[in-house]
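Reproduced below: my_file_31.txt, with compact mmCIF, C-alpha atoms.
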```txt
# COMPACT_ATOMS: atom_id res chain seq x y z
CA MET C 1 96.86 113.62 70.41
CA PRO C 2 95.74 113.45 74.06
CA GLU C 3 96.84 116.31 76.23
CA LYS C 4 96.53 114.54 79.57
CA SER C 5 97.86 111.29 80.95
CA VAL C 6 96.41 108.85 83.47
CA LEU C 7 98.44 106.27 85.39
CA ILE C 8 96.45 103.54 87.12
CA LEU C 9 98.41 101.97 89.93
CA CYS C 10 98.01 98.74 91.88
CA THR C 11 100.44 96.44 93.65
CA GLY C 12 100.97 93.67 91.08
CA ASN C 13 99.61 95.40 87.95
CA SER C 14 98.00 92.05 87.26
CA ALA C 15 94.23 92.55 87.45
CA ARG C 16 92.47 95.71 88.69
CA SER C 17 94.86 98.23 87.16
CA GLN C 18 95.05 96.25 83.91
CA MET C 19 91.26 96.11 83.60
CA ALA C 20 91.00 99.81 84.47
CA GLU C 21 93.58 100.68 81.81
CA GLY C 22 91.65 98.78 79.15
CA LEU C 23 88.32 100.20 80.27
CA LEU C 24 89.50 103.82 80.37
CA ARG C 25 91.04 103.54 76.92
CA HIS C 26 87.74 102.13 75.67
CA LEU C 27 85.50 104.65 77.44
CA ALA C 28 87.55 107.79 76.85
CA GLY C 29 88.81 107.04 73.36
CA SER C 30 91.77 109.27 72.56
CA ARG C 31 91.08 111.81 75.32
CA PHE C 32 93.91 110.51 77.51
CA ASN C 33 97.19 108.66 77.35
CA VAL C 34 96.39 105.76 79.68
CA PHE C 35 98.95 103.57 81.43
CA SER C 36 98.98 101.14 84.32
CA ALA C 37 101.76 100.00 86.60
CA GLY C 38 102.47 98.20 89.84
CA THR C 39 104.54 98.86 92.93
CA LYS C 40 105.57 95.17 92.75
CA PRO C 41 104.64 94.06 89.21
CA THR C 42 103.97 90.40 88.46
CA SER C 43 102.07 89.32 85.32
CA VAL C 44 98.63 89.91 83.86
CA ARG C 45 96.13 87.42 85.26
CA PRO C 46 94.37 85.23 82.67
CA GLU C 47 91.05 85.87 84.44
CA ALA C 48 91.46 89.61 83.79
CA ILE C 49 92.03 88.94 80.09
CA ILE C 50 88.94 86.66 79.97
CA ALA C 51 86.70 89.11 81.87
CA MET C 52 87.69 91.94 79.56
CA HIS C 53 87.32 89.81 76.42
CA GLU C 54 83.75 89.08 77.50
CA ILE C 55 82.89 92.78 77.04
CA GLY C 56 84.85 93.18 73.82
CA ILE C 57 88.06 94.70 75.17
CA ASP C 58 91.34 92.92 74.38
CA ILE C 59 94.08 93.30 77.00
CA SER C 60 95.90 90.12 76.00
CA ALA C 61 98.94 92.10 74.81
CA HIS C 62 99.23 94.04 78.10
CA ARG C 63 102.19 93.39 80.35
CA SER C 64 102.80 94.20 84.00
CA LYS C 65 104.94 97.29 84.35
CA SER C 66 106.81 98.80 87.26
CA ILE C 67 105.99 102.28 88.50
CA ASP C 68 109.70 102.96 87.92
CA GLU C 69 109.05 102.96 84.15
CA PHE C 70 107.09 106.18 84.59
CA ALA C 71 109.58 108.08 86.77
CA GLY C 72 110.08 111.60 85.50
CA GLN C 73 107.19 111.43 83.03
CA PRO C 74 104.48 114.06 83.32
CA ILE C 75 101.35 112.41 84.71
CA ASP C 76 98.14 114.40 85.18
CA TYR C 77 96.19 111.78 87.15
CA VAL C 78 97.30 108.87 89.30
CA ILE C 79 94.50 106.51 90.23
CA THR C 80 95.29 103.91 92.88
CA VAL C 81 92.92 100.95 92.82
CA CYS C 82 94.12 99.17 95.96
CA ASP C 83 95.07 100.34 99.45
CA ASP C 84 98.61 98.94 99.26
CA ALA C 85 99.38 100.96 96.14
CA ALA C 86 97.92 104.09 97.74
CA GLU C 87 100.18 103.64 100.76
CA ASN C 88 103.27 102.90 98.65
CA CYS C 89 102.65 105.30 95.79
CA PRO C 90 105.70 107.40 95.01
CA ILE C 91 105.57 111.15 95.27
CA PHE C 92 104.37 112.94 92.16
CA PRO C 93 104.53 116.67 91.44
CA ALA C 94 101.87 118.86 93.03
CA THR C 95 100.22 119.23 89.62
CA THR C 96 99.38 115.50 89.57
CA ALA C 97 95.87 114.77 90.83
CA ARG C 98 95.76 111.64 93.01
CA LEU C 99 92.56 109.65 93.18
CA HIS C 100 92.08 106.57 95.34
CA TRP C 101 89.40 104.11 94.29
CA PRO C 102 89.95 100.85 96.20
CA PHE C 103 88.45 97.73 94.66
CA GLU C 104 88.34 94.18 95.97
CA ASP C 105 91.25 91.94 94.95
CA PRO C 106 89.59 89.40 92.62
CA HIS C 107 90.41 85.71 93.04
CA SER C 108 87.89 83.91 90.82
CA LEU C 109 86.37 84.67 87.43
CA PRO C 110 83.01 85.73 88.92
CA THR C 111 84.86 88.18 91.18
CA PHE C 112 86.89 89.48 88.23
CA ARG C 113 83.61 90.18 86.42
CA LYS C 114 82.17 91.96 89.46
CA VAL C 115 85.28 94.11 89.93
CA ARG C 116 85.44 94.84 86.17
CA ASP C 117 81.88 96.14 86.29
CA GLN C 118 82.58 98.21 89.40
CA ILE C 119 85.65 99.77 87.76
CA ARG C 120 83.67 100.50 84.59
CA ALA C 121 80.93 102.22 86.63
CA ARG C 122 83.48 104.30 88.58
CA LEU C 123 85.35 105.37 85.44
CA THR C 124 82.10 106.23 83.65
CA ALA C 125 81.01 108.39 86.59
CA ALA C 126 84.41 110.12 86.72
CA LEU C 127 84.25 110.96 83.03
CA LEU C 128 80.66 112.20 83.27
CA ASN C 129 81.13 114.33 86.37
CA GLY C 130 84.42 115.88 85.23
CA GLU C 131 86.59 114.19 87.85
CA LEU C 132 88.69 113.09 84.88
CA SER C 133 88.72 115.91 82.35
```

structure tokens encoding of this file:
Amino acid sequence: MPEKSVLILCTGNSARSQMAEGLLRHLAGSRFNVFSAGTKPTSVRPEAIIAMHEIGIDISAHRSKSIDEFAGQPIDYVITVCDDAAENCPIFPATTARLHWPFEDPHSLPTFRKVRDQIRARLTAALLNGELS
């Protein structure tokens, strides 16, 4: 059972945070409990599902969640993937590490692919260099 939890936060929890959740689960295996949420959740974008399916990761069952669903839960890492979420992120205990990795808001399938690959590279680096441990 994972000992640490990671919450990936964006505004709508529709694209970047959803892809990051799927990627971190895939890359880290069972090392972490991984969640994503939004400050103003909407719905998972079909382009995010397609872009992830192209690399063998299925996020089709994901749903957009509100940050409120995680209130009071122990979270070891909060990763914000957009500036709006970083500015509107609720306060977490001092023991929660906050990381801010802003990525472009994708609007077309080619951009979703580009952002997916950028997120994958950033997560891989964080796992290799111990930023997420």

Need to verify the contact set: range 48-63 of chain C, 7 Å, all atoms listed in the file, exclusion of same-chain residues closer than 4 positions in sequence. Can you return it as number ranges by chain? C: 15, 19, 22, 43-44, 112-113

Take the point (97.2, 115.2, 88.6) in the file's coordinates, draw a sphere of radius 12 Å around it, and report as a PDB file with C-alpha atoms, keeping the file's coordinate frame every protein, DNA or RNA residue with an atom inside or on it, counting only C-alpha atoms.
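Final output, saved to point-v2.pdb:
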```pdb
ATOM      1  CA  LYS C   4      96.530 114.540  79.570  1.00  0.00           C
ATOM      2  CA  SER C   5      97.860 111.290  80.950  1.00  0.00           C
ATOM      3  CA  VAL C   6      96.410 108.850  83.470  1.00  0.00           C
ATOM      4  CA  LEU C   7      98.440 106.270  85.390  1.00  0.00           C
ATOM      5  CA  ILE C   8      96.450 103.540  87.120  1.00  0.00           C
ATOM      6  CA  PRO C  74     104.480 114.060  83.320  1.00  0.00           C
ATOM      7  CA  ILE C  75     101.350 112.410  84.710  1.00  0.00           C
ATOM      8  CA  ASP C  76      98.140 114.400  85.180  1.00  0.00           C
ATOM      9  CA  TYR C  77      96.190 111.780  87.150  1.00  0.00           C
ATOM     10  CA  VAL C  78      97.300 108.870  89.300  1.00  0.00           C
ATOM     11  CA  ILE C  79      94.500 106.510  90.230  1.00  0.00           C
ATOM     12  CA  ILE C  91     105.570 111.150  95.270  1.00  0.00           C
ATOM     13  CA  PHE C  92     104.370 112.940  92.160  1.00  0.00           C
ATOM     14  CA  PRO C  93     104.530 116.670  91.440  1.00  0.00           C
ATOM     15  CA  ALA C  94     101.870 118.860  93.030  1.00  0.00           C
ATOM     16  CA  THR C  95     100.220 119.230  89.620  1.00  0.00           C
ATOM     17  CA  THR C  96      99.380 115.500  89.570  1.00  0.00           C
ATOM     18  CA  ALA C  97      95.870 114.770  90.830  1.00  0.00           C
ATOM     19  CA  ARG C  98      95.760 111.640  93.010  1.00  0.00           C
ATOM     20  CA  LEU C  99      92.560 109.650  93.180  1.00  0.00           C
ATOM     21  CA  GLU C 131      86.590 114.190  87.850  1.00  0.00           C
ATOM     22  CA  LEU C 132      88.690 113.090  84.880  1.00  0.00           C
ATOM     23  CA  SER C 133      88.720 115.910  82.350  1.00  0.00           C
TER      24      SER C 133
END
```

Which of C:Gly130, C:Gly72, C:Pro46, C:Gly38 sits closest to Pro106 in chain C [using all atoms listed in the file]: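 Checking each candidate against Pro106 in chain C, we get C:Pro46 as the closest.
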
Just how far from CA of Ser14 in chain C is CA of Phe70 in chain C, in Å to one decimal?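 Spanning CA of Phe70 in chain C to CA of Ser14 in chain C is a straight-line distance of 17.0 Å.
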
What is the distance between CA of His107 in chain C and CA of Ser64 in chain C, in Å to one decimal?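 Atom-to-atom, CA of His107 in chain C and CA of Ser64 in chain C are spaced 17.5 Å apart.
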
Restricting the calculation to all atoms listed in the file, which member of C:Gln118, C:Ser66, C:Asp83, C:Thr124 is positioned closest to Asn13 in chain C? C:Ser66

Pairwise distance for CA of Ala126 in chain C and CA of Asp84 in chain C, rounded to one decimal in Å: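 Distance reported for this atom pair: 22.0 Å.
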
Between C:Pro110, C:Arg16, C:Arg120, C:Thr39, which is the closest to Glu87 in chain C once you count all atoms listed in the file?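 Counting all atoms listed in the file, the residue closest to Glu87 in chain C is C:Thr39.
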